[in-house]
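Source file: run22.txt; contents: compact mmCIF, C-alpha atoms.
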```
# COMPACT_ATOMS: atom_id res chain seq x y z
CA MET A 441 -20.67 -11.27 44.26
CA ALA A 442 -20.38 -7.70 43.02
CA ALA A 443 -21.21 -7.16 39.35
CA LEU A 444 -18.24 -6.72 37.02
CA ARG A 445 -17.43 -3.10 36.30
CA TYR A 446 -15.91 -1.93 33.02
CA ILE A 447 -14.18 1.27 31.88
CA ALA A 448 -13.00 2.58 28.50
CA ASP A 449 -10.22 5.02 27.61
CA ALA A 450 -10.74 8.78 27.31
CA GLU A 451 -12.45 9.84 24.07
CA ASP A 452 -9.29 11.78 23.12
CA ASP A 453 -7.45 8.45 23.00
CA VAL A 454 -9.97 6.79 20.69
CA ARG A 455 -10.46 8.59 17.40
CA ALA A 456 -13.75 7.57 15.80
CA VAL A 457 -14.76 8.09 12.17
CA ALA A 458 -18.19 7.00 10.93
CA LEU A 459 -18.26 5.35 7.47
CA ASP A 460 -21.21 3.62 5.76
CA GLY A 461 -22.98 2.94 9.07
CA LEU A 462 -19.82 1.42 10.56
CA THR A 463 -17.35 3.20 12.80
CA LEU A 464 -13.58 3.15 12.42
CA LEU A 465 -11.72 3.51 15.68
CA TYR A 466 -8.08 4.39 16.12
CA HIS A 467 -7.11 3.33 19.65
CA ALA A 468 -4.04 5.45 20.39
CA PRO A 469 -2.82 3.61 23.55
CA SER A 470 -2.41 0.35 21.59
CA GLY A 471 -1.95 1.80 18.09
CA THR A 472 -4.64 -0.53 16.77
CA THR A 473 -7.48 0.18 14.35
CA HIS A 474 -10.91 -1.38 14.78
CA ILE A 475 -13.98 -1.46 12.57
CA VAL A 476 -17.06 -1.69 14.79
CA ALA A 477 -20.83 -1.49 14.43
CA SER A 478 -23.43 -0.05 16.76
CA PRO A 479 -23.77 -0.37 19.76
CA ALA A 480 -19.98 -0.63 20.25
CA PRO A 481 -19.24 3.11 19.71
CA GLU A 482 -22.08 4.06 22.07
CA ILE A 483 -20.82 1.63 24.75
CA LEU A 484 -17.29 3.06 24.49
CA ALA A 485 -18.58 6.62 24.78
CA ALA A 486 -20.73 5.70 27.78
CA LEU A 487 -17.80 4.01 29.55
CA SER A 488 -15.20 6.62 28.64
CA GLU A 489 -13.39 7.34 31.94
CA LYS A 490 -16.62 6.43 33.79
CA PRO A 491 -16.71 2.85 35.13
CA ALA A 492 -20.04 1.07 35.20
CA ASP A 493 -21.53 -2.36 35.67
CA ILE A 494 -24.00 -3.69 33.10
CA ALA A 495 -27.06 -2.24 34.87
CA GLU A 496 -25.50 1.25 35.06
CA LEU A 497 -24.32 0.97 31.46
CA LEU A 498 -27.85 0.07 30.31
CA ALA A 499 -29.16 3.14 32.11
CA ARG A 500 -26.59 5.35 30.37
CA LEU A 501 -27.35 3.78 26.97
CA ALA A 502 -31.10 4.25 27.41
CA THR A 503 -30.71 7.73 25.89
CA HIS A 504 -29.59 6.08 22.61
CA PHE A 505 -31.54 2.83 22.60
CA ASP A 506 -34.99 1.63 23.41
CA PHE A 507 -34.47 -1.52 25.49
CA GLU A 508 -37.54 -3.69 25.68
CA ASP A 509 -36.62 -6.79 27.66
CA ASP A 510 -34.02 -8.62 29.71
CA ALA A 511 -32.24 -9.78 26.56
CA ALA A 512 -30.65 -6.32 26.41
CA ALA A 513 -28.45 -7.00 29.46
CA GLU A 514 -27.30 -10.27 27.92
CA ALA A 515 -26.55 -8.64 24.55
CA ILE A 516 -24.64 -5.75 26.13
CA GLY A 517 -22.74 -8.24 28.29
CA ALA A 518 -21.72 -10.14 25.16
CA ARG A 519 -20.55 -6.91 23.46
CA LEU A 520 -18.50 -6.04 26.56
CA VAL A 521 -16.74 -9.41 26.39
CA GLU A 522 -15.87 -8.72 22.73
CA LEU A 523 -14.70 -5.17 23.45
CA GLU A 524 -12.57 -6.42 26.33
CA ALA A 525 -10.98 -9.04 24.06
CA ALA A 526 -10.24 -6.26 21.55
CA GLY A 527 -8.58 -4.21 24.26
CA LEU A 528 -11.08 -1.36 23.98
CA VAL A 529 -12.61 -1.77 27.46
CA ARG A 530 -11.10 -3.23 30.61
CA ARG A 531 -12.26 -4.27 34.07
CA ALA A 532 -12.49 -1.26 36.38
CA MET B 1492 31.05 -1.76 -1.91
CA ARG B 1493 33.13 -2.25 -5.05
CA TYR B 1494 30.41 -1.01 -7.42
CA SER B 1495 27.62 1.42 -6.62
CA LEU B 1496 25.00 3.68 -8.12
CA ALA B 1497 22.76 6.43 -6.71
CA LEU B 1498 19.22 6.42 -8.09
CA LYS B 1499 16.56 9.06 -7.60
CA ILE B 1500 13.02 7.74 -8.04
CA GLY B 1501 10.32 10.31 -7.37
CA SER B 1502 11.51 12.07 -4.21
CA VAL B 1503 13.42 9.06 -2.86
CA VAL B 1504 17.15 8.50 -3.32
CA PHE B 1505 18.66 5.02 -3.14
CA ARG B 1506 22.29 4.00 -3.10
CA VAL B 1507 22.68 0.52 -4.51
CA GLY B 1508 26.00 -1.18 -3.90
CA SER B 1509 27.16 -4.52 -5.24
CA ALA B 1510 30.10 -6.86 -4.96
CA TRP B 1511 29.72 -7.46 -8.71
CA ARG B 1512 29.71 -5.08 -11.65
CA ALA B 1513 26.91 -6.72 -13.68
CA PRO B 1514 23.87 -5.77 -11.55
CA ILE B 1515 25.04 -2.14 -11.29
CA ASP B 1516 25.63 -1.91 -15.05
CA ALA B 1517 22.18 -3.39 -15.73
CA LEU B 1518 20.57 -1.00 -13.27
CA GLY B 1519 22.38 2.00 -14.78
CA ALA B 1520 21.23 1.04 -18.28
CA LEU B 1521 17.62 0.51 -17.19
CA TYR B 1522 17.52 3.83 -15.30
CA THR B 1523 19.01 5.89 -18.14
CA GLY B 1524 17.31 9.26 -18.28
CA TYR B 1525 16.43 9.46 -14.58
CA PRO B 1526 17.57 12.72 -12.95
CA ALA B 1527 20.92 12.66 -11.18
CA ALA B 1528 20.82 12.21 -7.40
CA ALA B 1529 22.43 14.94 -5.30
CA ASP B 1530 25.83 13.75 -4.07
CA GLY B 1531 26.08 12.00 -0.77
CA ILE B 1532 22.45 12.22 0.30
CA CYS B 1533 20.42 9.06 0.15
CA ASP B 1534 17.31 7.85 1.90
CA PHE B 1535 17.99 4.14 1.65
CA THR B 1536 20.93 1.85 1.02
CA VAL B 1537 20.69 -1.50 -0.75
CA ARG B 1538 23.63 -3.90 -0.83
CA LEU B 1539 23.99 -6.96 -2.99
CA GLU B 1540 26.55 -9.15 -1.30
CA PRO B 1541 27.88 -12.66 -1.76
CA GLU B 1542 25.94 -15.10 0.33
CA LYS B 1543 29.30 -16.48 1.55
CA PRO B 1544 32.68 -14.82 0.87
CA TRP B 1545 33.84 -17.51 -1.60
CA ARG B 1546 30.51 -17.36 -3.40
CA ARG B 1547 31.62 -14.21 -5.20
CA TRP B 1548 33.44 -16.36 -7.73
CA LEU B 1549 32.09 -19.87 -7.48
CA ARG B 1550 28.47 -20.23 -8.67
CA PRO B 1551 27.76 -16.68 -7.49
CA SER B 1552 24.71 -16.33 -5.31
CA LEU B 1553 23.75 -13.00 -3.77
CA SER B 1554 21.90 -11.84 -0.70
CA ILE B 1555 20.09 -8.53 -0.34
CA GLN B 1556 21.24 -6.31 2.51
CA GLY B 1557 20.40 -2.77 3.54
CA ASP B 1558 19.18 -0.53 6.31
CA TYR B 1559 16.19 -2.83 6.77
CA ILE B 1560 16.40 -6.55 6.13
CA LEU B 1561 14.24 -9.62 6.19
CA PRO B 1562 16.28 -12.27 8.02
CA ASP B 1563 15.12 -15.23 5.97
CA ALA B 1564 15.27 -13.77 2.44
CA ALA B 1565 16.49 -16.53 0.13
CA PRO B 1566 19.73 -15.97 -1.77
CA MET B 1567 19.31 -15.28 -5.49
CA ALA B 1568 21.26 -16.15 -8.59
CA LEU B 1569 23.63 -13.45 -9.81
CA ALA B 1570 21.91 -13.62 -13.21
CA HIS B 1571 18.89 -12.13 -11.46
CA GLY B 1572 20.90 -9.31 -9.90
CA LEU B 1573 18.68 -6.65 -11.46
CA LEU B 1574 15.64 -8.24 -9.82
CA ALA B 1575 17.53 -8.46 -6.52
CA ALA B 1576 18.34 -4.74 -6.68
CA GLU B 1577 14.70 -3.93 -7.38
CA MET B 1578 13.51 -6.21 -4.56
CA GLY B 1579 16.06 -4.59 -2.26
CA MET B 1580 14.73 -1.11 -3.09
CA ASN B 1581 11.13 -2.28 -2.54
CA LEU B 1582 12.09 -3.79 0.78
CA GLN B 1583 13.75 -0.60 2.03
CA MET B 1584 10.66 1.40 1.04
CA ALA B 1585 8.22 -1.09 2.54
CA LEU B 1586 10.04 -1.41 5.85
CA GLY B 1587 11.62 1.99 6.25
CA GLN B 1588 9.46 4.66 4.67
CA LYS B 1589 8.16 7.04 7.36
CA ASN B 1590 7.34 10.20 5.37
CA TRP B 1591 4.35 8.85 3.50
CA LEU B 1592 1.62 6.32 3.94
CA LEU B 1593 2.81 3.67 1.54
CA LEU B 1594 0.18 1.90 -0.52
CA HIS B 1595 1.02 -1.22 -2.48
CA ALA B 1596 -0.70 0.21 -5.53
CA ALA B 1597 -0.14 1.43 -9.06
CA SER B 1598 -1.18 4.98 -9.92
CA VAL B 1599 -1.64 7.10 -13.04
CA GLU B 1600 -2.58 10.74 -13.45
CA LYS B 1601 -4.67 12.88 -15.76
CA ASP B 1602 -5.46 16.61 -15.35
CA GLY B 1603 -3.81 16.70 -11.92
CA ARG B 1604 -6.03 13.89 -10.59
CA ALA B 1605 -4.82 10.44 -9.69
CA LEU B 1606 -6.29 7.00 -10.34
CA ILE B 1607 -5.15 4.41 -7.79
CA LEU B 1608 -5.11 0.71 -8.78
CA THR B 1609 -4.61 -1.75 -5.99
CA GLY B 1610 -5.11 -5.45 -5.53
CA GLU B 1611 -3.38 -8.68 -4.77
CA SER B 1612 -0.29 -9.75 -6.66
CA GLY B 1613 -1.37 -10.94 -10.11
CA ALA B 1614 -4.43 -8.68 -10.22
CA GLY B 1615 -2.81 -6.88 -13.13
CA LYS B 1616 -2.24 -3.44 -11.63
CA SER B 1617 1.29 -3.14 -13.06
CA THR B 1618 0.14 -4.09 -16.55
CA LEU B 1619 -2.87 -1.77 -16.47
CA ALA B 1620 -0.80 1.16 -15.19
CA ALA B 1621 1.89 0.48 -17.81
CA LEU B 1622 -0.73 0.41 -20.59
CA LEU B 1623 -2.51 3.55 -19.37
CA GLY B 1624 0.91 5.22 -19.13
CA GLU B 1625 1.29 4.73 -22.90
CA ARG B 1626 -2.27 5.86 -23.69
CA GLY B 1627 -2.66 9.42 -22.53
CA TRP B 1628 -2.12 9.03 -18.81
CA ARG B 1629 1.00 9.88 -16.82
CA LEU B 1630 2.40 6.84 -15.03
CA MET B 1631 3.07 7.69 -11.38
CA GLY B 1632 4.16 4.23 -10.33
CA ASP B 1633 3.42 0.52 -10.74
CA GLU B 1634 4.28 -0.71 -7.24
CA PHE B 1635 4.01 1.97 -4.55
CA ALA B 1636 1.77 5.01 -4.24
CA LEU B 1637 2.96 7.49 -1.62
CA LEU B 1638 0.21 9.30 0.25
CA ASP B 1639 1.20 12.53 2.01
CA PRO B 1640 -0.51 12.41 5.45
CA GLU B 1641 -0.43 16.23 5.68
CA SER B 1642 -1.89 17.25 2.32
CA GLY B 1643 -3.66 14.06 1.22
CA ALA B 1644 -1.83 14.31 -2.14
CA LEU B 1645 -0.45 11.26 -3.91
CA HIS B 1646 3.26 11.37 -4.81
CA PRO B 1647 4.83 9.44 -7.69
CA PHE B 1648 7.34 6.62 -7.37
CA PRO B 1649 8.01 5.79 -11.04
CA ARG B 1650 10.57 3.03 -10.72
CA ALA B 1651 11.06 0.70 -13.70
CA ILE B 1652 7.84 -1.26 -14.22
CA SER B 1653 8.18 -4.93 -13.35
CA LEU B 1654 6.39 -6.85 -16.11
CA LYS B 1655 5.70 -10.50 -15.44
CA ASN B 1656 5.00 -13.39 -17.81
CA GLY B 1657 2.14 -12.53 -20.23
CA ALA B 1658 2.41 -8.80 -19.52
CA ILE B 1659 5.86 -8.75 -21.12
CA ARG B 1660 4.50 -9.43 -24.62
CA VAL B 1661 1.61 -6.99 -24.14
CA MET B 1662 4.01 -4.14 -23.39
CA GLU B 1663 6.59 -5.16 -26.01
CA GLY B 1664 3.88 -4.18 -28.49
CA GLU B 1665 3.45 -0.75 -26.89
CA ALA B 1666 6.88 0.65 -26.01
CA ALA B 1667 10.18 1.13 -27.86
CA PRO B 1668 12.73 -1.71 -27.41
CA ASP B 1669 15.34 0.58 -25.83
CA ARG B 1670 13.10 1.12 -22.80
CA PHE B 1671 13.25 -2.54 -21.78
CA GLY B 1672 15.74 -4.28 -19.50
CA PRO B 1673 16.93 -7.82 -20.17
CA ARG B 1674 14.37 -10.64 -19.95
CA LEU B 1675 14.93 -12.61 -16.74
CA ASP B 1676 13.66 -16.17 -16.97
CA GLY B 1677 13.21 -18.64 -14.12
CA THR B 1678 12.99 -16.06 -11.32
CA PRO B 1679 10.90 -16.83 -8.20
CA LYS B 1680 8.10 -14.84 -9.91
CA GLY B 1681 8.48 -16.49 -13.34
CA ALA B 1682 9.70 -14.48 -16.35
CA ILE B 1683 10.32 -10.80 -15.62
CA ARG B 1684 11.22 -7.89 -17.85
CA HIS B 1685 11.55 -4.31 -16.64
CA LEU B 1686 10.20 -1.36 -18.60
CA ARG B 1687 11.43 2.20 -18.09
CA PRO B 1688 8.50 4.66 -17.77
CA ASN B 1689 8.26 7.15 -20.62
CA ALA B 1690 9.85 10.62 -20.72
CA ASP B 1691 6.73 12.39 -19.40
CA ALA B 1692 6.62 10.13 -16.32
CA LEU B 1693 10.32 10.79 -15.63
CA ALA B 1694 10.14 14.56 -16.21
CA ARG B 1695 7.23 14.89 -13.79
CA MET B 1696 8.42 12.35 -11.17
CA GLU B 1697 8.12 14.83 -8.30
CA GLU B 1698 4.72 16.22 -9.29
CA PRO B 1699 1.93 15.03 -6.93
CA ALA B 1700 -1.74 14.58 -7.83
CA ALA B 1701 -5.04 14.59 -5.93
CA PRO B 1702 -6.61 11.11 -5.55
CA ALA B 1703 -9.82 11.00 -7.63
CA LEU B 1704 -10.68 7.31 -8.10
CA ILE B 1705 -9.63 4.04 -6.46
CA LEU B 1706 -10.02 0.77 -8.38
CA PHE B 1707 -9.54 -2.80 -7.19
CA PRO B 1708 -8.93 -4.76 -10.40
CA ARG B 1709 -9.24 -8.54 -10.66
CA PHE B 1710 -8.20 -10.44 -13.75
CA GLY B 1711 -9.96 -13.50 -15.17
CA GLU B 1712 -13.69 -12.84 -14.92
CA ALA B 1713 -16.27 -11.29 -17.26
CA ALA B 1714 -16.12 -7.50 -17.32
CA ALA B 1715 -18.01 -6.06 -14.35
CA ALA B 1716 -17.80 -3.19 -11.91
CA ARG B 1717 -19.33 -2.67 -8.48
CA ALA B 1718 -19.03 0.31 -6.17
CA VAL B 1719 -17.04 -0.34 -3.00
CA GLY B 1720 -18.16 1.39 0.21
CA GLN B 1721 -15.88 3.51 2.33
CA ALA B 1722 -15.50 1.01 5.17
CA GLU B 1723 -14.53 -1.79 2.75
CA THR B 1724 -12.16 0.54 0.93
CA PHE B 1725 -10.55 1.44 4.25
CA MET B 1726 -10.11 -2.21 5.17
CA ARG B 1727 -8.65 -3.11 1.76
CA LEU B 1728 -6.26 -0.15 1.88
CA THR B 1729 -4.97 -0.98 5.37
CA GLN B 1730 -4.13 -4.41 3.94
CA ALA B 1731 -2.46 -2.75 0.94
CA SER B 1732 -0.32 -0.49 3.09
CA THR B 1733 3.06 -1.68 4.31
CA ASN B 1734 3.49 1.01 6.97
CA TYR B 1735 -0.05 1.82 8.10
CA VAL B 1736 0.50 0.41 11.59
CA ALA B 1737 3.91 2.07 11.98
CA LEU B 1738 2.54 5.52 11.12
CA GLY B 1739 -0.08 5.41 13.90
CA ARG B 1740 -2.62 8.21 14.14
CA PRO B 1741 -1.38 10.19 11.08
CA GLY B 1742 -1.82 7.02 9.00
CA PHE B 1743 -5.35 6.54 10.30
CA ASP B 1744 -6.26 10.15 9.55
CA ALA B 1745 -4.70 10.00 6.06
CA LEU B 1746 -6.55 6.81 5.19
CA THR B 1747 -9.95 7.90 6.55
CA ARG B 1748 -9.54 11.02 4.41
CA LEU B 1749 -8.53 9.01 1.32
CA VAL B 1750 -11.59 6.74 1.50
CA ALA B 1751 -13.85 9.70 0.67
CA THR B 1752 -12.52 9.08 -2.88
CA PRO B 1753 -14.96 7.06 -5.07
CA ALA B 1754 -13.95 3.39 -5.26
CA ALA B 1755 -14.95 0.37 -7.34
CA ALA B 1756 -13.96 -3.27 -7.77
CA ILE B 1757 -13.58 -4.29 -11.40
CA ASP B 1758 -13.36 -7.70 -13.06
CA TYR B 1759 -11.82 -7.97 -16.49
CA PRO B 1760 -11.22 -10.80 -18.97
CA ASP B 1761 -8.48 -9.02 -20.97
CA THR B 1762 -6.56 -5.76 -21.01
CA ALA B 1763 -8.72 -4.14 -23.70
CA ALA B 1764 -11.83 -4.65 -21.54
CA ALA B 1765 -9.95 -3.33 -18.51
CA ILE B 1766 -8.90 -0.11 -20.26
CA GLU B 1767 -12.46 0.44 -21.44
CA LEU B 1768 -13.82 -0.07 -17.89
CA VAL B 1769 -11.23 2.27 -16.42
CA GLU B 1770 -11.99 5.04 -18.91
CA THR B 1771 -15.76 4.68 -18.34
CA LEU B 1772 -15.45 4.78 -14.54
CA TRP B 1773 -13.01 7.69 -14.77
CA SER B 1774 -15.41 9.77 -16.86
CA GLU B 1775 -18.21 8.96 -14.38
CA ALA B 1776 -16.02 10.01 -11.43
CA ALA B 1777 -14.98 13.25 -13.12
```

Output the file's structure in the form of structure tokens.
Amino acid sequence: MAALRYIADAEDDVRAVALDGLTLLYHAPSGTTHIVASPAPEILAALSEKPADIAELLARLATHFDFEDDAAAEAIGARLVELEAAGLVRRA
Amino acid sequence: MRYSLALKIGSVVFRVGSAWRAPIDALGALYTGYPAAADGICDFTVRLEPEKPWRRWLRPSLSIQGDYILPDAAPMALAHGLLAAEMGMNLQMALGQKNWLLLHAASVEKDGRALILTGESGAGKSTLAALLGERGWRLMGDEFALLDPESGALHPFPRAISLKNGAIRVMEGEAAPDRFGPRLDGTPKGAIRHLRPNADALARMEEPAAPALILFPRFGEAAAARAVGQAETFMRLTQASTNYVALGRPGFDALTRLVATPAAAIDYPDTAAAIELVETLWSEAA
């Protein structure tokens, strides 16, 4: 079975403002506001208009984060499920 | 409508119509001294109508109607017509205001800078704003603060202050008797008495101010203050805004800009302690 691929909206459609270590997001397509913590903003930026499966996403995120073990894929997978539920990423 | 009155509060004009004379007379008396509204132009309409046609005479009971309505609003007793008119005006603002980001907050001004007080119902923001308004501050409003998404300035909405229960006696000791409306007992919110803001607040009702301090008061605990971070302030203010979602991106931008203002949560056991806390935090923020 092929790995699930995810994509996020263009950065122009998601206005991000950093406050106190958290990030406020205004998602224009849905008109909703989200308060998220790292690594959610980095995941959204990495997936913006560029679909990826978890392995590709980890490779893109490696510039921001220092992944040490296999738990990273599991953690990023869990964040993707949350972001999909919030409507910020979708299946590509 | 048989009876009607145009009211200008801040920059907003309401036309209040009623099937009965009493609520319009009471409203006119309470709003004595407010500037006249330009003829024919109004932002919102409020109508106080009989719940059923025959109810105009027999045990009168009124319903609030207007441009924007809540379908399940309970009918009210005619004796509380003044409260109904006020609730009707609040409802039109809360549901229909598109020009400003509306914050359910009281605000007062000093030296061109605004203090915003916001919190849940019963937190005491109306009482604190009313007291500060008699003690060297200009009252901008006790219920709604209007944030201009373009400039970031706060605009006044100095409607009559709605004093509830214990706050009535507190303010009866501060303001002249002719500034009060009738005492309304047994309303859904308990005893209510309206207080007209003072002459300075009315004369400067269209003068905006720059937000300088945001406080989240809470009544009933020992006096204490703690700084509130920007993300928490943002979250609390989205909850305090009635039209944040409707405004979309401009609302988001206005609010993220506003949260750069210093903010604190304060607990207070009595109004004297609250005033002291406010003045201390204000001088620290200056």

So that I can check the surroundings of stretch 453-456 of chain A, please list as a CSV table (one decimal) with C-alpha atoms, in the frame of the given file every protein, DNA and RNA residue that reaches within 12 Å of it, counting all atoms listed in the file and ignoring chain neighbours fewer than 3 positions away.
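Output below, filename part_18.csv:
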```csv
chain,number,residue,atom,x,y,z
A,448,ALA,CA,-13.0,2.6,28.5
A,449,ASP,CA,-10.2,5.0,27.6
A,450,ALA,CA,-10.7,8.8,27.3
A,459,LEU,CA,-18.3,5.4,7.5
A,462,LEU,CA,-19.8,1.4,10.6
A,463,THR,CA,-17.4,3.2,12.8
A,464,LEU,CA,-13.6,3.2,12.4
A,465,LEU,CA,-11.7,3.5,15.7
A,466,TYR,CA,-8.1,4.4,16.1
A,467,HIS,CA,-7.1,3.3,19.6
A,468,ALA,CA,-4.0,5.4,20.4
A,469,PRO,CA,-2.8,3.6,23.6
A,470,SER,CA,-2.4,0.4,21.6
A,471,GLY,CA,-2.0,1.8,18.1
A,472,THR,CA,-4.6,-0.5,16.8
A,473,THR,CA,-7.5,0.2,14.4
A,474,HIS,CA,-10.9,-1.4,14.8
A,475,ILE,CA,-14.0,-1.5,12.6
A,476,VAL,CA,-17.1,-1.7,14.8
A,477,ALA,CA,-20.8,-1.5,14.4
A,480,ALA,CA,-20.0,-0.6,20.2
A,481,PRO,CA,-19.2,3.1,19.7
A,482,GLU,CA,-22.1,4.1,22.1
A,484,LEU,CA,-17.3,3.1,24.5
A,485,ALA,CA,-18.6,6.6,24.8
A,488,SER,CA,-15.2,6.6,28.6
A,489,GLU,CA,-13.4,7.3,31.9
A,527,GLY,CA,-8.6,-4.2,24.3
A,528,LEU,CA,-11.1,-1.4,24.0
A,529,VAL,CA,-12.6,-1.8,27.5
B,1739,GLY,CA,-0.1,5.4,13.9
B,1740,ARG,CA,-2.6,8.2,14.1
B,1741,PRO,CA,-1.4,10.2,11.1
B,1743,PHE,CA,-5.4,6.5,10.3
B,1744,ASP,CA,-6.3,10.2,9.6
B,1747,THR,CA,-10.0,7.9,6.6
```

### Task
Compute the set of chain B residues within 12 Å of chain A, using all atoms listed in the file, and express it as a list in words.
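Taken together, these residues fit the definition: Val1719, Gly1720, Gln1721, Ala1722, Glu1723, Thr1724, Phe1725, Met1726, Thr1729, Gln1730, Tyr1735, Val1736, Ala1737, Leu1738, Gly1739, Arg1740, Pro1741, Gly1742, Phe1743, Asp1744, Ala1745, Leu1746, Thr1747, Arg1748, Val1750 and Ala1751 of chain B.
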
### Query
Which one of B:Thr1523, B:Ser1732, B:Thr1752, B:Thr1771 sits closest to B:Arg1650 if you count only C-alpha atoms?
B:Thr1523

### Task
Identify, on the basis of all atoms listed in the file, every residue whose closest approach to A:Pro479 does not exceed 9 Å; exclude the query and any residue fewer than 5 positions from it along the same chain; express the result as a VMD selection string.
chain A and resid 484 505 516 519

### Query
Just how far from atom CA of B:Gly1610 is atom CA of B:Asp1758, in Å to one decimal?
11.4 Å

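Using only C-alpha atoms, the smallest distance between any of B:Asn1734, B:Ser1774, B:Ser1554, B:Asn1689 and B:Tyr1522 comes from B:Asn1689.
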
### Query
Could you state the separation of atom CA of B:His1571 and atom CA of B:Gly1615 in Å, given to one decimal place?
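Spanning atom CA of B:His1571 to atom CA of B:Gly1615 is a straight-line distance of 22.4 Å.
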
### Message
Can you measure atom CA of B:Ala1529 to atom CA of B:Glu1600 for me? One decimal in Å is fine.
### Response
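Separation of atom CA of B:Ala1529 and atom CA of B:Glu1600: 26.6 Å.
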
### Message
Ranking A:Ala442, A:Ala532, A:Ile483, A:Leu523 by minimum distance to A:Leu498 and counting only C-alpha atoms, which one comes first?
### Response
A:Ile483
